[in-house]
Structure formats: C-alpha cells, structure tokens
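Q: One structure follows; several queries about it will come next.
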Amino acid sequence: MACWHGVTRIVLPRLTDGVVTLRPWRTADADALVIACQDPEVPRWTAVPSPYRRPDALRFLAVALAEAERGSMAALAAVDGGGRLLGSFSVMEIDRERATGEVGYWLARGARGRGIATRALELLCAWTRRELGLATLELLAHRDNQPSIRVARRAGFTPTGELRSIAKDVPSGRAYRVFASRTPSAA
Ligand SMILES: CC(C)(COP(=O)(O)OP(=O)(O)OC[C@H]1O[C@@H](n2cnc3c(N)ncnc32)[C@H](O)[C@@H]1OP(=O)(O)O)[C@@H](O)C(=O)NCCC(=O)NCCS
C-alpha cells in the first residue's frame, strides 16, 4: 500500500504457496483470459460478461490497473508453476474506513477439482488482512453454485443468512447467498 497525493493506491503483490501463484495481471494475459471466459460456467455465476471477446479482456486489464491506483480493487491472476493462467481472484469494493471488501473468483475449466480455488482464496484473504487491514470480507455465491459454496466454507467463510441480488441477477431476485469471513477482533 502506498499513499500518493492523498490516494491510497494498492501495490499489487505476488503471492505463492508453492502450488498456486497470484500475481498482477499483464496485457499478455489477454488471450488466455478470453479463452478461459468462453466457458459458460464463468459468466453463469459471476459478473463476467457474455459473449467475452478480446476488447472485454483489455477493458478488464485496464480497469484492474486503474482500480488498484484508486485503492478500490486488487485483481490478481492465478497461475501455475509454468506461468499458465489458472483463474482470477479479486478483492473488490474495498472500503478502508469500514475495513471491508468483497472477494470474487473463477477458475479456468481445466484447473478445477484440485483444490486450487481454496488455496488461492486463502492466499488472497491472508494478504488482504495483513496488507490492507480489511477485517471483514464478504463473498456472494449464487444459492445454486455448490462448488463455490464449498470453496467459501473451506476457506473459512460462513453464511450470514442474507440473500442479495447482483446487477445481472435482478430478474431472478435475491439469488446470491452472502458469506462472510471476519478476523477474530471483528467477529
Ligand atoms: C467456483 C470454482 C472456482 C470452484 O472450483 P473448484 O475446483 O471446485 O474448487 P477447488 O479448486 O477448491 O477444488 C475443490 C475440489 O477439488 C478436490 N480436491 C482435490 N485435491 C484437493 C486438495 N488438495 N485440497 C482441496 N480440494 C481438493 C476437492 O475434493 C474438491 O472437490 P469437491 O468440491 O467436489 O469436494 C469453479 O467451480 C469455478 O470457477 N466456477 C465458475 C465461476 C464461479 O462459480 N465463480 C465463483 C462465483 S461466487
């Protein structure tokens, strides 16, 4: 984190547990991002648009940099030991005064079923607490998205009982279950 003319910009980290690495997005990720986002499961459960083309990827990469400069989002690419893109893990809606943020993620189809999402989410949450001082992290998982709900629970998130809508979900109402993970002092 660095303060520049009163704006607390986020210095995006490189984090690894030896299996998965989270690092800042690069322009060179655009093609892999487009390929991964062709899997209908990604737009089905997230705010990722569909269809997803190269301009969408370039827009996301630009927004990721701009929002880190503004201190409002930390978006990271998950890669394997060979540098191949595994997925996307972000903390959004960062509010330093309330010490809150919301995590969001997806894995490329071929990276699922191996515990990568849980590992990446744990890395992201630990860094977020340590470096950004966020005490309460929220996660919105569609009530039918069992894989994501399992990941949330494995990474220490518990249901708050609240249901919420996201912009894409308005026709079907409040379909997203809210999960929260709090540091002990914020519980
Ligand atoms: C949600 C999503 C990221 C979950 O991915 P995932 O591969 O199921 O999650 P993980 O990487 O943690 O893998 C866990 C699975 O791998 C298995 N696994 C294998 N080795 C493992 C290990 N060492 N540790 C943990 N799990 C392991 C587990 O059995 C588990 O399977 P289960 O959920 O059937 O019990 C993925 O389904 C996805 O990208 N979906 C589309 C987008 C989306 O829904 N995003 C979330 C929006 S809230």
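Going by the structure tokens order, chains are called A, B, ..., each with residues numbered from 1, while ligands are numbered from 1 in the order shown.
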Taking the chain letters and numbering used in this document, name the residues of segment 56-182 of chain A that DSSP puts in strand (DSSP E or B), as a count of residues only.
A: 46
Q: Using only C-alpha atoms and all ligand atoms, find each protein or nucleic acid residue lying at most 9 Å from ligand 1; present the set as a count of residues only.
A: 45
Q: Pull the helix (DSSP H, G or I) assignments for chain A out of DSSP run on the backbone, and list those residues as number ranges by chain.
A: A: 27-36, 41-45, 54-70, 109-111, 116-132, 146-154, 167-172, 184-186
Q: Fewer than 5 positions away in the same chain doesn't count, so skip those; otherwise give me all residues within 10 Å of Arg153 of chain A, counting only C-alpha atoms, as an MDAnalysis selection string.
A: chainID A and resid 118 148 158:159 179:181
Q: Leaving out Val91 of chain A and any residue of its chain fewer than 2 positions from it, which residues lie within 8 Å of it when counting only C-alpha atoms, given as an NGL selection string?
A: :A and (73-75 or 89 or 93-94 or 101-104 or 124 or 128)
Q: Those residues with N, CA, C and O atoms, as a compact mmCIF listing (two decimals), in the first residue's frame please?
A:
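Final output, saved to part-v1.txt:
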```
# COMPACT_ATOMS: atom_id res chain seq x y z
N MET A 73 -9.73 -1.78 -5.68
CA MET A 73 -9.79 -3.19 -6.04
C MET A 73 -8.38 -3.75 -6.19
O MET A 73 -7.49 -3.05 -6.68
N ALA A 74 -8.22 -5.00 -5.78
CA ALA A 74 -6.97 -5.72 -6.03
C ALA A 74 -7.34 -6.95 -6.84
O ALA A 74 -7.92 -7.90 -6.31
N ALA A 75 -7.06 -6.91 -8.14
CA ALA A 75 -7.40 -8.04 -9.03
C ALA A 75 -6.11 -8.75 -9.40
O ALA A 75 -5.16 -8.13 -9.86
N PHE A 89 -8.68 -13.97 -9.20
CA PHE A 89 -9.03 -13.81 -7.78
C PHE A 89 -8.90 -12.33 -7.43
O PHE A 89 -7.83 -11.75 -7.60
N GLU A 93 -14.70 -3.64 -4.04
CA GLU A 93 -15.49 -2.84 -3.09
C GLU A 93 -14.69 -2.57 -1.81
O GLU A 93 -15.24 -2.62 -0.70
N ILE A 94 -13.40 -2.28 -1.97
CA ILE A 94 -12.55 -2.08 -0.78
C ILE A 94 -12.93 -0.77 -0.09
O ILE A 94 -12.96 0.28 -0.71
N GLY A 101 -14.33 -5.60 2.39
CA GLY A 101 -14.12 -5.84 0.96
C GLY A 101 -14.90 -7.07 0.56
O GLY A 101 -15.42 -7.79 1.41
N GLU A 102 -15.01 -7.27 -0.76
CA GLU A 102 -15.73 -8.44 -1.28
C GLU A 102 -14.82 -9.21 -2.21
O GLU A 102 -14.21 -8.63 -3.09
N VAL A 103 -14.74 -10.51 -2.01
CA VAL A 103 -13.88 -11.32 -2.89
C VAL A 103 -14.72 -11.95 -4.00
O VAL A 103 -15.91 -12.24 -3.83
N GLY A 104 -14.08 -12.13 -5.15
CA GLY A 104 -14.73 -12.77 -6.29
C GLY A 104 -13.68 -13.58 -7.04
O GLY A 104 -12.50 -13.22 -7.02
N LEU A 124 -5.21 -15.02 -0.97
CA LEU A 124 -5.75 -13.67 -1.17
C LEU A 124 -6.26 -13.07 0.14
O LEU A 124 -5.98 -11.92 0.46
N THR A 128 -4.94 -9.78 2.13
CA THR A 128 -5.89 -8.68 2.28
C THR A 128 -5.95 -8.21 3.74
O THR A 128 -6.01 -7.01 4.02
```
Q: One decimal, Å: what's the distance from atom CA of Arg164 of chain A over to atom CA of Gly133 of chain A, could you say?
A: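 Atom CA of Gly133 of chain A lies at a distance of 25.1 Å from atom CA of Arg164 of chain A.
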Q: Could you state the separation of atom CA of Arg84 of chain A and atom CA of Glu67 of chain A in Å, given to one decimal place?
A: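 Atom CA of Glu67 of chain A lies 24.2 Å from atom CA of Arg84 of chain A.
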Q: Could you jot down the atom CA of Arg26 of chain A to atom CA of Ala77 of chain A separation for me, Å, one decimal place?
A: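 For atom CA of Arg26 of chain A relative to atom CA of Ala77 of chain A, the distance reads 8.6 Å.
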